[in-house]
file model18.cif (mmCIF, C-alpha atoms)
data_upload
loop_
_atom_site.label_atom_id
_atom_site.label_comp_id
_atom_site.auth_asym_id
_atom_site.auth_seq_id
_atom_site.Cartn_x
_atom_site.Cartn_y
_atom_site.Cartn_z
CA MET A 293 20.56 -26.55 -9.39
CA TYR A 294 17.95 -24.83 -7.22
CA ASN A 295 19.08 -21.55 -5.70
CA THR A 296 22.81 -21.84 -6.10
CA LEU A 297 24.95 -19.57 -3.94
CA ILE A 298 26.56 -16.99 -6.20
CA ALA A 299 28.59 -15.09 -3.61
CA GLU A 300 28.96 -14.72 0.13
CA PHE A 301 30.72 -11.83 1.80
CA ASP A 302 30.72 -9.36 4.67
CA SER A 303 29.81 -5.77 4.15
CA ARG A 304 29.63 -2.61 6.16
CA LEU A 305 27.70 0.37 4.95
CA ARG A 306 29.23 3.85 5.15
CA ILE A 307 27.37 7.10 5.52
CA GLN A 308 28.28 8.43 2.04
CA GLU A 309 27.09 5.24 0.36
CA TYR A 310 23.78 5.28 2.20
CA ALA A 311 23.22 9.02 1.66
CA PHE A 312 23.84 8.66 -2.07
CA ALA A 313 21.54 5.64 -2.31
CA TYR A 314 18.85 7.39 -0.29
CA ARG A 315 19.05 10.41 -2.59
CA LEU A 316 18.46 8.19 -5.64
CA TYR A 317 15.61 6.38 -3.88
CA GLU A 318 13.93 9.51 -2.62
CA LEU A 319 14.07 11.23 -6.01
CA LYS A 320 12.54 8.23 -7.71
CA TYR A 321 10.06 6.80 -5.19
CA GLY A 322 9.90 9.19 -2.26
CA SER A 323 7.89 12.30 -1.60
CA GLU A 324 10.10 14.22 -4.04
CA ALA A 325 9.43 11.89 -6.95
CA GLY A 326 8.46 13.58 -10.21
CA ARG A 327 10.52 16.70 -9.60
CA GLY A 328 11.23 16.92 -13.34
CA TRP A 329 7.65 17.61 -14.35
CA LYS A 330 7.07 19.83 -11.30
CA ALA A 331 10.09 21.93 -12.32
CA ALA A 332 8.78 21.99 -15.89
CA VAL A 333 5.35 23.25 -14.72
CA PHE A 334 6.88 26.09 -12.71
CA GLY A 335 9.38 26.87 -15.47
CA GLY A 336 6.60 26.94 -18.06
CA ALA A 337 4.32 29.09 -15.90
CA GLY A 338 7.17 31.51 -15.20
CA ALA A 339 8.04 31.71 -18.91
CA ILE A 340 4.41 32.42 -19.89
CA VAL A 341 4.08 35.22 -17.33
CA LEU A 342 7.48 36.59 -18.38
CA TYR A 343 6.38 36.57 -22.02
CA ALA A 344 3.15 38.39 -21.11
CA LEU A 345 5.18 40.93 -19.15
CA ALA A 346 7.62 41.37 -22.05
CA LYS A 347 4.69 42.36 -24.26
CA GLU A 348 4.03 45.17 -21.76
CA GLN A 349 7.69 46.37 -21.91
CA PHE A 350 8.52 44.80 -18.52
CA ASP A 351 6.49 47.32 -16.62
CA PHE A 352 6.89 45.62 -13.21
CA GLY A 353 5.25 48.56 -11.41
CA ARG A 354 1.98 48.09 -13.27
CA PHE A 355 1.95 44.32 -12.82
CA PRO A 356 3.02 43.55 -9.24
CA ALA A 357 1.26 40.13 -9.16
CA ALA A 358 3.11 39.03 -12.29
CA SER A 359 6.43 39.96 -10.69
CA VAL A 360 5.56 37.94 -7.57
CA ILE A 361 4.54 34.94 -9.72
CA ILE A 362 7.82 35.09 -11.66
CA LEU A 363 9.80 35.16 -8.42
CA ILE A 364 7.82 32.23 -7.00
CA CYS A 365 8.29 30.22 -10.22
CA LEU A 366 12.01 30.97 -10.24
CA TYR A 367 12.33 29.87 -6.63
CA MET A 368 10.37 26.65 -7.23
CA LEU A 369 12.43 25.86 -10.33
CA THR A 370 15.66 26.25 -8.35
CA TYR A 371 14.14 24.27 -5.48
CA TYR A 372 13.22 21.25 -7.60
CA LEU A 373 16.34 21.24 -9.74
CA PHE A 374 19.04 21.98 -7.18
CA LEU A 375 17.79 22.06 -3.61
CA VAL A 376 15.73 18.84 -3.56
CA PRO A 377 18.65 16.49 -4.44
CA LYS A 378 20.84 18.19 -1.85
CA LYS A 379 18.09 18.01 0.76
CA ALA A 380 17.51 14.30 0.04
CA ARG A 381 21.20 13.54 0.46
CA LEU A 382 21.38 15.44 3.76
CA TYR A 383 18.27 13.64 4.98
CA GLY A 384 19.91 10.33 4.06
CA GLU A 385 22.88 11.27 6.23
CA HIS A 386 20.55 12.13 9.11
CA ILE A 387 18.80 8.77 8.74
CA TYR A 388 22.12 6.93 8.82
CA LYS A 389 23.21 8.82 11.92
CA SER A 390 19.91 8.14 13.67
CA SER A 391 19.99 4.41 12.94
CA ARG A 392 21.87 1.90 15.01
CA LEU A 393 21.29 -0.89 12.50
CA LEU A 394 22.55 0.63 9.25
CA SER A 395 26.13 0.87 10.43
CA LYS A 396 26.26 -2.71 11.74
CA PRO A 397 28.44 -5.22 9.85
CA GLN A 398 26.27 -7.29 7.52
CA HIS A 399 26.70 -10.75 6.15
CA CYS A 400 25.39 -11.00 2.59
CA LYS A 401 24.54 -14.10 0.62
CA ILE A 402 23.63 -13.75 -3.02
CA TYR A 403 21.61 -16.68 -4.31
CA ARG A 404 20.24 -17.35 -7.76
CA ASP A 405 16.71 -16.09 -6.99
CA PHE A 406 17.15 -13.93 -3.91
CA LEU A 407 19.63 -12.34 -1.58
CA GLU A 408 19.92 -12.46 2.18
CA MET A 409 21.37 -9.80 4.42
CA GLU A 410 21.93 -10.45 8.08
CA ASN A 411 23.32 -8.56 10.99
CA GLU A 412 23.20 -9.13 14.71
CA TYR A 413 19.61 -7.92 15.01
CA GLU A 414 18.00 -8.14 11.62
CA SER A 415 17.73 -10.50 8.68
CA ILE A 416 16.23 -9.72 5.31
CA LYS A 417 15.46 -11.90 2.34
CA ARG A 418 14.77 -10.10 -0.94
CA TYR A 419 13.63 -11.89 -4.08
CA TYR A 420 14.82 -10.27 -7.30
CA THR A 421 11.23 -10.25 -8.55
CA GLU A 422 10.43 -7.72 -5.79
CA VAL A 423 13.22 -5.39 -6.89
CA THR A 424 12.06 -2.57 -9.14
CA ASP A 425 15.45 -0.90 -9.61
CA CYS A 426 18.99 -2.11 -9.20
CA ILE A 427 21.72 0.49 -9.55
CA GLU A 428 25.39 -0.38 -9.50
CA THR A 429 27.72 2.44 -8.59
CA GLU A 430 31.47 2.43 -8.04
CA ARG A 431 30.97 1.93 -4.33
CA ALA A 432 27.78 -0.09 -3.91
CA PHE A 433 24.87 -2.07 -5.28
CA ILE A 434 21.59 -0.28 -4.60
CA LEU A 435 18.40 -2.32 -4.69
CA MET A 436 15.05 -0.58 -4.54
CA GLY A 437 11.63 -2.15 -4.12
CA GLY A 438 9.98 -4.69 -1.88
CA VAL A 439 7.68 -4.26 1.05
CA GLU A 440 9.97 -4.54 4.04
CA LYS A 441 12.88 -2.11 3.90
CA PRO A 442 12.53 -1.00 0.27
CA LEU A 443 16.08 0.38 0.06
CA LEU A 444 18.91 -2.12 0.37
CA VAL A 445 22.50 -1.01 -0.09
CA ILE A 446 25.35 -3.49 -0.44
CA SER A 447 28.72 -1.86 -0.02
CA LYS A 448 31.45 -3.11 -2.36
CA LYS A 449 34.23 -2.12 -0.01
CA GLN A 450 34.81 -5.56 1.48
CA MET A 451 34.07 -7.55 -1.68
CA SER A 452 36.87 -9.02 -3.76
CA PRO A 453 37.04 -7.97 -7.46
CA GLN A 454 35.89 -11.51 -8.43
CA GLN A 455 32.88 -11.25 -6.11
CA GLN A 456 32.03 -7.79 -7.47
CA THR A 457 32.10 -9.11 -11.04
CA ALA A 458 30.09 -12.22 -10.16
CA VAL A 459 27.40 -10.26 -8.33
CA SER A 460 27.27 -7.56 -10.99
CA GLU A 461 26.88 -10.13 -13.78
CA HIS A 462 24.29 -12.04 -11.79
CA PHE A 463 22.20 -8.93 -11.10
CA GLN A 464 22.45 -7.92 -14.78
CA LYS A 465 21.25 -11.37 -15.77
CA GLU A 466 18.43 -11.71 -13.22
CA MET A 467 17.13 -8.14 -13.42
CA THR A 468 17.86 -7.46 -17.06
CA LYS A 469 15.79 -4.34 -17.64
CA ARG A 470 15.82 -3.09 -14.06
CA CYS A 471 19.57 -3.11 -13.53
CA ARG A 472 21.90 -0.34 -14.65
CA LYS A 473 25.35 0.99 -13.92
CA ARG A 474 25.94 4.51 -12.78
CA SER A 475 29.29 6.18 -12.34
CA MET B 184 6.04 -11.11 27.22
CA LEU B 185 3.23 -10.16 24.88
CA GLU B 186 2.73 -12.00 21.61
CA LEU B 187 0.63 -10.66 18.76
CA SER B 188 -0.04 -12.11 15.37
CA PHE B 189 -2.00 -10.24 12.74
CA LEU B 190 -2.77 -9.87 9.09
CA VAL B 191 -2.18 -6.38 7.70
CA THR B 192 -5.39 -5.06 6.14
CA LYS B 193 -5.70 -2.25 3.64
CA GLU B 194 -7.11 0.04 6.36
CA ASP B 195 -4.16 -0.72 8.67
CA TYR B 196 -1.75 0.07 5.89
CA VAL B 197 -3.44 3.33 4.90
CA PHE B 198 -3.78 4.54 8.51
CA GLN B 199 -0.12 3.89 9.29
CA ALA B 200 0.93 5.68 6.08
CA LEU B 201 -1.15 8.73 7.06
CA GLU B 202 0.08 8.72 10.64
CA LYS B 203 3.69 8.29 9.57
CA GLN B 204 3.35 11.17 7.12
CA HIS B 205 1.81 13.32 9.83
CA TYR B 206 4.65 12.54 12.22
CA LEU B 207 7.42 13.02 9.66
CA THR B 208 6.20 16.41 8.45
CA PRO B 209 7.93 19.12 10.52
CA LYS B 210 5.51 21.55 12.14
CA GLU B 211 7.60 24.51 10.93
CA ASN B 212 7.03 23.47 7.31
CA LYS B 213 3.28 23.43 7.87
CA ILE B 214 3.30 26.84 9.54
CA ILE B 215 5.57 28.44 6.91
CA LEU B 216 3.48 27.15 4.01
CA TYR B 217 0.26 28.17 5.76
CA VAL B 218 1.55 31.72 6.33
CA ILE B 219 2.85 32.03 2.73
CA GLY B 220 -0.51 30.78 1.45
CA LEU B 221 -2.46 33.24 3.56
CA ILE B 222 -0.25 36.13 2.41
CA ALA B 223 -0.71 35.10 -1.24
CA VAL B 224 -4.49 34.82 -0.84
CA GLY B 225 -4.65 38.16 1.00
CA CYS B 226 -2.47 40.05 -1.50
CA GLY B 227 -4.21 38.47 -4.48
CA THR B 228 -7.70 39.27 -3.15
CA ALA B 229 -6.76 42.84 -2.19
CA ALA B 230 -5.22 43.46 -5.61
CA TRP B 231 -8.22 41.90 -7.36
CA LEU B 232 -10.65 44.14 -5.44
CA HIS B 233 -8.73 47.42 -5.52
CA LEU B 234 -6.83 47.45 -8.79
CA ASN B 235 -8.69 47.71 -12.08
CA GLY B 236 -6.19 46.06 -14.33
CA SER B 237 -5.98 44.40 -17.70
CA ILE B 238 -6.84 40.77 -18.35
CA TYR B 239 -3.18 39.84 -17.70
CA GLN B 240 -3.29 41.45 -14.29
CA LYS B 241 -6.61 39.78 -13.41
CA THR B 242 -5.19 36.39 -14.47
CA GLY B 243 -2.10 37.04 -12.37
CA PHE B 244 -4.18 37.90 -9.29
CA ALA B 245 -6.35 34.81 -9.80
CA ALA B 246 -3.23 32.63 -10.10
CA LEU B 247 -1.86 34.19 -6.91
CA ILE B 248 -5.10 33.48 -5.02
CA LEU B 249 -5.25 29.91 -6.32
CA SER B 250 -1.63 29.18 -5.42
CA GLY B 251 -2.26 30.64 -1.98
CA LEU B 252 -5.28 28.38 -1.48
CA TYR B 253 -3.24 25.39 -2.64
CA ALA B 254 -0.52 26.23 -0.12
CA VAL B 255 -3.04 26.69 2.71
CA CYS B 256 -4.77 23.36 1.99
CA TYR B 257 -1.62 21.39 1.13
CA TYR B 258 -0.73 19.69 4.42
CA ASP B 259 -4.27 19.29 5.73
CA ILE B 260 -6.16 18.17 2.62
CA ILE B 261 -4.02 17.62 -0.47
CA LYS B 262 -1.05 15.76 1.05
CA PRO B 263 -3.20 13.26 3.05
CA LEU B 264 -5.19 12.53 -0.11
CA LEU B 265 -2.01 11.89 -2.08
CA VAL B 266 -0.55 9.72 0.67
CA LYS B 267 -3.79 7.73 0.94
CA ARG B 268 -3.99 7.18 -2.80
CA ARG B 269 -0.38 6.08 -2.90
CA ALA B 270 -0.78 3.72 0.06
CA VAL B 271 -3.87 2.09 -1.45
CA ALA B 272 -2.10 1.58 -4.79
CA TYR B 273 0.98 0.19 -3.04
CA TYR B 274 -1.09 -2.17 -0.89
CA GLU B 275 -2.98 -3.48 -3.88
CA ILE B 276 0.21 -4.19 -5.81
CA HIS B 277 2.12 -5.74 -2.89
CA GLN B 278 -0.77 -7.31 -1.00
CA LYS B 279 0.57 -10.86 -1.17
CA HIS B 280 3.97 -9.78 0.19
CA ILE B 281 2.60 -7.59 2.98
CA GLY B 282 0.80 -10.59 4.51
CA SER B 283 0.97 -11.38 8.19
CA LYS B 284 3.27 -10.37 11.02
CA ARG B 285 4.15 -11.92 14.33
CA VAL B 286 5.32 -9.56 17.04
CA ARG B 287 6.73 -10.41 20.44
CA LEU B 288 7.12 -7.62 22.93
CA TYR B 289 9.54 -8.23 25.77
CA ALA B 290 10.51 -5.90 28.57
CA ASP B 291 13.85 -5.15 26.90
CA LYS B 292 13.33 -5.92 23.20
CA ILE B 293 10.90 -6.22 20.32
CA GLU B 294 10.79 -9.10 17.88
CA VAL B 295 9.04 -8.68 14.55
CA ILE B 296 8.76 -11.61 12.19
CA ALA B 297 7.35 -10.93 8.74
CA GLU B 298 7.46 -13.04 5.60
CA ASN B 299 10.90 -11.94 4.44
CA ARG B 300 12.29 -10.12 7.41
CA SER B 301 12.96 -10.75 11.05
CA LEU B 302 13.96 -8.15 13.54
CA HIS B 303 15.16 -8.62 17.11
CA LEU B 304 15.56 -5.12 18.36
CA PRO B 305 16.79 -4.25 21.86
CA GLN B 306 14.80 -1.43 23.42
CA LYS B 307 17.83 0.88 23.45
CA TYR B 308 18.05 0.52 19.64
CA ILE B 309 14.54 1.82 19.10
CA TYR B 310 14.72 5.35 17.77
CA ARG B 311 11.19 6.26 18.82
CA ILE B 312 7.71 4.81 19.22
CA VAL B 313 4.96 7.06 17.92
CA GLU B 314 1.42 6.46 19.03
CA GLY B 315 -1.22 7.54 16.55
CA LYS B 316 -4.97 7.15 16.61
CA HIS B 317 -4.96 3.81 14.81
CA SER B 318 -1.42 2.45 15.03
CA LEU B 319 1.84 2.33 16.91
CA LEU B 320 4.86 3.15 14.79
CA VAL B 321 8.15 1.71 16.00
CA PHE B 322 10.85 3.82 14.35
CA LEU B 323 14.20 2.14 13.75
CA ASP B 324 15.67 5.44 12.57
CA ARG B 325 14.32 8.85 11.58
CA ASN B 326 12.53 7.41 8.59
CA GLU B 327 11.96 3.68 8.75
CA SER B 328 9.27 2.23 10.93
CA VAL B 329 7.49 -1.00 11.74
CA PHE B 330 3.83 -0.55 12.54
CA LEU B 331 1.52 -2.33 14.92
CA PRO B 332 -2.21 -1.73 14.42
CA LYS B 333 -3.85 -0.75 17.69
CA ARG B 334 -6.84 -2.96 16.92
CA VAL B 335 -4.79 -6.07 17.73
CA PHE B 336 -4.15 -4.88 21.29
CA SER B 337 -6.67 -5.15 24.08
CA GLU B 338 -6.98 -2.07 26.31
CA GLN B 339 -4.95 -3.82 29.00
CA GLN B 340 -2.21 -4.85 26.56
CA LEU B 341 -1.98 -1.30 25.26
CA THR B 342 -1.57 0.07 28.78
CA GLU B 343 1.11 -2.54 29.45
CA PHE B 344 2.87 -1.63 26.20
CA ARG B 345 2.85 2.06 27.10
CA SER B 346 4.27 1.43 30.53
CA VAL B 347 7.06 -0.85 29.25
CA TYR B 348 8.09 1.43 26.39
CA GLN B 349 7.22 4.76 27.99
CA GLU B 350 10.72 6.18 27.54
CA ASN B 351 10.53 5.60 23.75
CA CYS B 352 6.89 6.66 23.30
CA VAL B 353 5.70 9.98 21.93
CA ALA B 354 2.19 10.98 20.86
CA ASN B 355 1.57 11.83 17.21
#
call {"tool": "encode", "arguments": {"input": "model18.cif", "output": "structure tokens"}}
result
Amino acid sequence: MYNTLIAEFDSRLRIQEYAFAYRLYELKYGSEAGRGWKAAVFGGAGAIVLYALAKEQFDFGRFPAASVIILICLYMLTYYLFLVPKKARLYGEHIYKSSRLLSKPQHCKIYRDFLEMENEYESIKRYYTEVTDCIETERAFILMGGVEKPLLVISKKQMSPQQQTAVSEHFQKEMTKRCRKRS
Amino acid sequence: MLELSFLVTKEDYVFQALEKQHYLTPKENKIILYVIGLIAVGCGTAAWLHLNGSIYQKTGFAALILSGLYAVCYYDIIKPLLVKRRAVAYYEIHQKHIGSKRVRLYADKIEVIAENRSLHLPQKYIYRIVEGKHSLLVFLDRNESVFLPKRVFSEQQLTEFRSVYQENCVAN
């Protein structure tokens, strides 16, 4: 049958769920995307300079520029590996706090080909073909992709275990290679 | 009530992406990176001119100067280029979904109807409206915005818009 209703439930997004989802989104699609290779470039550059300095018996006094470069590379490596994820999560929390719509109770309908999310002021329809990534965590389903509002988070809190299983199986089936579970 | 209906063009999309990026980048970040860049360029150049070092040292000074230049140019040249390239690629991939928008502006709320989304936002729920050179960005929170290209407004409509939403409006 055309566009069968798979599940229908109410949901209310919490700050931790949104912040976590935003962190994942930002690291993959946001301005901080590609931090892995950026960290590798700085790590590699730092290692090369360190190797060159080692050949000169670590004479930091004679090579001040090399010392500065090593410090910069070390800082950038730490920044991309540890500070960026933390920053993204904090920014997600700020976004949630600044929004009056994200905390509103939502009504979700999961259909065969698309999902609909509605609250008092906003309604969104997202076809699964628009979704580039679907991540299922213990607390929520995170859907990334699409033109309008590219990050959708469906909290599991108010879903029954049967609904969670049905939605999870449906997403796995409809977005086979784009859907994954994350603990 | 003011009703606007428009098709989002590639130029509209790119301009709003650039203006949004400009608005979202904190001024302190720009200043800090600019100062760090200038210091790196200064130190690198001074060392290059005054110290007669080995090839390793010269390479180090050159790298310091280049990184400094990168930092100085980052927010004014490099970042806008990256944002533009990304916006163009995104528009070309999602062109058929971006499509048209219908916007109704009331004295107390904004209605935006796009292909797969409708928004009926009371004025008090608007986080901020940012006016750029080419577009008006209606922010729903610190990050998410709906944009209205200025080209679809007449001069009179724009003045009316500014007066109705003056408490939400800031210049970019």
call {"tool": "residues_around", "arguments": {"input": "model18.cif", "residues": "region 409-424 of chain A", "least_positions_apart": "6", "cutoff": "9 Å", "atoms": "only C-alpha atoms", "output": "PyMOL selection string"}}
result
(chain A and resi 393+396-402+435-442+446+463+466-467+470-471) or (chain B and resi 298-305)
call {"tool": "closest_atom_pairs", "arguments": {"input": "model18.cif", "of": "chain B", "to": "chain A", "cutoff": "8 Å", "atoms": "all atoms listed in the file", "output": "Markdown table"}}
result
| residue | atom | partner | partner_atom | distance |
| --- | --- | --- | --- | --- |
| B:Gly227 | CA | A:Ala357 | CA | 7.4 |
| B:Tyr239 | CA | A:Ala344 | CA | 7.3 |
| B:Gln240 | CA | A:Phe355 | CA | 6.2 |
| B:Gly243 | CA | A:Ala358 | CA | 5.6 |
| B:Phe244 | CA | A:Ala357 | CA | 5.9 |
| B:Leu247 | CA | A:Ile361 | CA | 7.0 |
| B:His277 | CA | A:Val439 | CA | 7.0 |
| B:His280 | CA | A:Val439 | CA | 6.7 |
| B:Ile281 | CA | A:Val439 | CA | 6.4 |
| B:Asn299 | CA | A:Lys417 | CA | 5.0 |
| B:Arg300 | CA | A:Ile416 | CA | 4.5 |
| B:Ser301 | CA | A:Ser415 | CA | 5.3 |
| B:Leu302 | CA | A:Glu414 | CA | 4.5 |
| B:His303 | CA | A:Tyr413 | CA | 5.0 |
| B:Leu304 | CA | A:Tyr413 | CA | 6.0 |
| B:Tyr308 | CA | A:Arg392 | CA | 6.2 |
| B:Tyr310 | CA | A:Ser390 | CA | 7.2 |
| B:Leu323 | CA | A:Ser391 | CA | 6.3 |
| B:Asp324 | CA | A:Ser391 | CA | 4.5 |
| B:Arg325 | CA | A:Ile387 | CA | 5.3 |
| B:Asn326 | CA | A:Ile387 | CA | 6.4 |
| B:Glu327 | CA | A:Lys441 | CA | 7.6 |
call {"tool": "atom_distance", "arguments": {"input": "model18.cif", "atom1": "CA of Phe312 (chain A)", "atom2": "CA of Gly326 (chain A)"}}
result
18.1 Å
call {"tool": "closest_residue", "arguments": {"input": "model18.cif", "among": "B:Leu288, B:Val347, B:Ile296, B:Val321", "to": "Met184 (chain B)", "atoms": "all atoms listed in the file"}}
result
B:Leu288
call {"tool": "atom_distance", "arguments": {"input": "model18.cif", "atom1": "CA of Gly251 (chain B)", "atom2": "CA of Tyr206 (chain B)"}}
result
24.0 Å
call {"tool": "atom_distance", "arguments": {"input": "model18.cif", "atom1": "CA of Tyr317 (chain A)", "atom2": "CA of Lys193 (chain B)"}}
result
24.2 Å
call {"tool": "resolve_selection", "arguments": {"input": "model18.cif", "expression": "the PyMOL selection byres ((chain A and resi 379) around 12)", "output": "PyMOL selection string"}}
result
chain A and resi 311-312+314-316+318-319+323-324+371-378+380-386
call {"tool": "resolve_selection", "arguments": {"input": "model18.cif", "expression": "the PyMOL selection byres ((chain A and resi 298) around 7)", "output": "PDB file with C-alpha atoms, keeping the file's coordinate frame"}}
result
ATOM      1  CA  THR A 296      22.810 -21.840  -6.100  1.00  0.00           C
ATOM      2  CA  LEU A 297      24.950 -19.570  -3.940  1.00  0.00           C
ATOM      3  CA  ALA A 299      28.590 -15.090  -3.610  1.00  0.00           C
ATOM      4  CA  ILE A 402      23.630 -13.750  -3.020  1.00  0.00           C
ATOM      5  CA  TYR A 403      21.610 -16.680  -4.310  1.00  0.00           C
ATOM      6  CA  ARG A 404      20.240 -17.350  -7.760  1.00  0.00           C
TER       7      ARG A 404
END
call {"tool": "residues_around", "arguments": {"input": "model18.cif", "residues": "Met368 (chain A)", "least_positions_apart": "5", "cutoff": "10 Å", "atoms": "all atoms listed in the file", "output": "VMD selection string"}}
result
chain A and resid 330 to 335 338 362 to 363 373 to 375
call {"tool": "closest_residue", "arguments": {"input": "model18.cif", "among": "B:Leu234, B:Ala229, B:Ala223, B:Cys352", "to": "Ala246 (chain B)", "atoms": "only C-alpha atoms"}}
result
B:Ala223
call {"tool": "closest_residue", "arguments": {"input": "model18.cif", "among": "B:Asn235, B:Ser318, B:Asn212, B:Gln204", "to": "Leu265 (chain B)", "atoms": "all atoms listed in the file"}}
result
B:Gln204
call {"tool": "closest_residue", "arguments": {"input": "model18.cif", "among": "A:Asp425, A:Gly353, A:Cys365, A:Met451", "to": "Ser250 (chain B)", "atoms": "all atoms listed in the file"}}
result
A:Cys365
call {"tool": "resolve_selection", "arguments": {"input": "model18.cif", "expression": "the PyMOL selection byres ((chain B and resi 328-335) around 10)", "output": "ChimeraX atom specification"}}
result
/A:440-441 /B:187-192,194-196,198-200,203,284-286,295,302,309-327,336-338,340-341
call {"tool": "write_last_selection", "arguments": {"input": "model18.cif", "atoms": "C-alpha atoms", "output": "short mmCIF file (atom, residue, chain, number, x, y, z; two decimals), in the coordinates of the input"}}
result
data_model
loop_
_atom_site.label_atom_id
_atom_site.label_comp_id
_atom_site.auth_asym_id
_atom_site.auth_seq_id
_atom_site.Cartn_x
_atom_site.Cartn_y
_atom_site.Cartn_z
CA GLU A 440 9.97 -4.54 4.04
CA LYS A 441 12.88 -2.11 3.90
CA LEU B 187 0.63 -10.66 18.76
CA SER B 188 -0.04 -12.11 15.37
CA PHE B 189 -2.00 -10.24 12.74
CA LEU B 190 -2.77 -9.87 9.09
CA VAL B 191 -2.18 -6.38 7.70
CA THR B 192 -5.39 -5.06 6.14
CA GLU B 194 -7.11 0.04 6.36
CA ASP B 195 -4.16 -0.72 8.67
CA TYR B 196 -1.75 0.07 5.89
CA PHE B 198 -3.78 4.54 8.51
CA GLN B 199 -0.12 3.89 9.29
CA ALA B 200 0.93 5.68 6.08
CA LYS B 203 3.69 8.29 9.57
CA LYS B 284 3.27 -10.37 11.02
CA ARG B 285 4.15 -11.92 14.33
CA VAL B 286 5.32 -9.56 17.04
CA VAL B 295 9.04 -8.68 14.55
CA LEU B 302 13.96 -8.15 13.54
CA ILE B 309 14.54 1.82 19.10
CA TYR B 310 14.72 5.35 17.77
CA ARG B 311 11.19 6.26 18.82
CA ILE B 312 7.71 4.81 19.22
CA VAL B 313 4.96 7.06 17.92
CA GLU B 314 1.42 6.46 19.03
CA GLY B 315 -1.22 7.54 16.55
CA LYS B 316 -4.97 7.15 16.61
CA HIS B 317 -4.96 3.81 14.81
CA SER B 318 -1.42 2.45 15.03
CA LEU B 319 1.84 2.33 16.91
CA LEU B 320 4.86 3.15 14.79
CA VAL B 321 8.15 1.71 16.00
CA PHE B 322 10.85 3.82 14.35
CA LEU B 323 14.20 2.14 13.75
CA ASP B 324 15.67 5.44 12.57
CA ARG B 325 14.32 8.85 11.58
CA ASN B 326 12.53 7.41 8.59
CA GLU B 327 11.96 3.68 8.75
CA PHE B 336 -4.15 -4.88 21.29
CA SER B 337 -6.67 -5.15 24.08
CA GLU B 338 -6.98 -2.07 26.31
CA GLN B 340 -2.21 -4.85 26.56
CA LEU B 341 -1.98 -1.30 25.26
#
call {"tool": "axis_aligned_box", "arguments": {"input": "model18.cif", "around": "region 262-265 of chain B", "padding_each_side": "4 Å", "output": "JSON"}}
result
{"center_x": -3.1, "center_y": 13.8, "center_z": 0.5, "size_x": 12.1, "size_y": 11.9, "size_z": 13.1}
call {"tool": "closest_residue", "arguments": {"input": "model18.cif", "among": "B:Tyr348, B:Tyr273, B:Tyr289, B:Tyr258", "to": "Lys210 (chain B)", "atoms": "all atoms listed in the file"}}
result
B:Tyr258
call {"tool": "closest_residue", "arguments": {"input": "model18.cif", "among": "B:Val197, B:Leu232, B:Leu207, B:Val255", "to": "Ala272 (chain B)", "atoms": "all atoms listed in the file"}}
result
B:Val197
call {"tool": "decode", "arguments": {"input": "model18.cif", "residues": "region 424-435 of chain A", "atoms": "N, CA and C atoms", "output": "PDB file, in the first residue's frame"}}
result
ATOM      1  N   THR A 424      21.118  11.862   4.251  1.00  0.00           N
ATOM      2  CA  THR A 424      22.436  11.336   3.887  1.00  0.00           C
ATOM      3  C   THR A 424      23.025  10.457   4.997  1.00  0.00           C
ATOM      4  N   ASP A 425      22.582  10.687   6.225  1.00  0.00           N
ATOM      5  CA  ASP A 425      23.060   9.905   7.365  1.00  0.00           C
ATOM      6  C   ASP A 425      21.954   9.736   8.381  1.00  0.00           C
ATOM      7  N   CYS A 426      21.788   8.504   8.849  1.00  0.00           N
ATOM      8  CA  CYS A 426      20.811   8.270   9.910  1.00  0.00           C
ATOM      9  C   CYS A 426      21.554   7.530  11.022  1.00  0.00           C
ATOM     10  N   ILE A 427      21.610   8.140  12.178  1.00  0.00           N
ATOM     11  CA  ILE A 427      22.346   7.528  13.285  1.00  0.00           C
ATOM     12  C   ILE A 427      21.375   7.240  14.429  1.00  0.00           C
ATOM     13  N   GLU A 428      21.374   6.006  14.856  1.00  0.00           N
ATOM     14  CA  GLU A 428      20.504   5.639  15.988  1.00  0.00           C
ATOM     15  C   GLU A 428      21.356   5.526  17.230  1.00  0.00           C
ATOM     16  N   THR A 429      21.037   6.304  18.234  1.00  0.00           N
ATOM     17  CA  THR A 429      21.757   6.201  19.505  1.00  0.00           C
ATOM     18  C   THR A 429      20.785   5.627  20.543  1.00  0.00           C
ATOM     19  N   GLU A 430      21.259   5.488  21.753  1.00  0.00           N
ATOM     20  CA  GLU A 430      20.392   4.953  22.812  1.00  0.00           C
ATOM     21  C   GLU A 430      19.203   5.864  23.088  1.00  0.00           C
ATOM     22  N   ARG A 431      19.438   7.182  22.866  1.00  0.00           N
ATOM     23  CA  ARG A 431      18.406   8.142  23.240  1.00  0.00           C
ATOM     24  C   ARG A 431      17.598   8.713  22.082  1.00  0.00           C
ATOM     25  N   ALA A 432      18.149   8.627  20.863  1.00  0.00           N
ATOM     26  CA  ALA A 432      17.463   9.321  19.758  1.00  0.00           C
ATOM     27  C   ALA A 432      17.811   8.755  18.387  1.00  0.00           C
ATOM     28  N   PHE A 433      16.978   9.139  17.412  1.00  0.00           N
ATOM     29  CA  PHE A 433      17.302   8.903  16.004  1.00  0.00           C
ATOM     30  C   PHE A 433      17.757  10.246  15.445  1.00  0.00           C
ATOM     31  N   ILE A 434      18.910  10.250  14.803  1.00  0.00           N
ATOM     32  CA  ILE A 434      19.448  11.500  14.269  1.00  0.00           C
ATOM     33  C   ILE A 434      19.475  11.400  12.752  1.00  0.00           C
ATOM     34  N   LEU A 435      18.751  12.289  12.090  1.00  0.00           N
ATOM     35  CA  LEU A 435      18.718  12.260  10.626  1.00  0.00           C
ATOM     36  C   LEU A 435      19.379  13.510  10.066  1.00  0.00           C
TER      37      LEU A 435
END
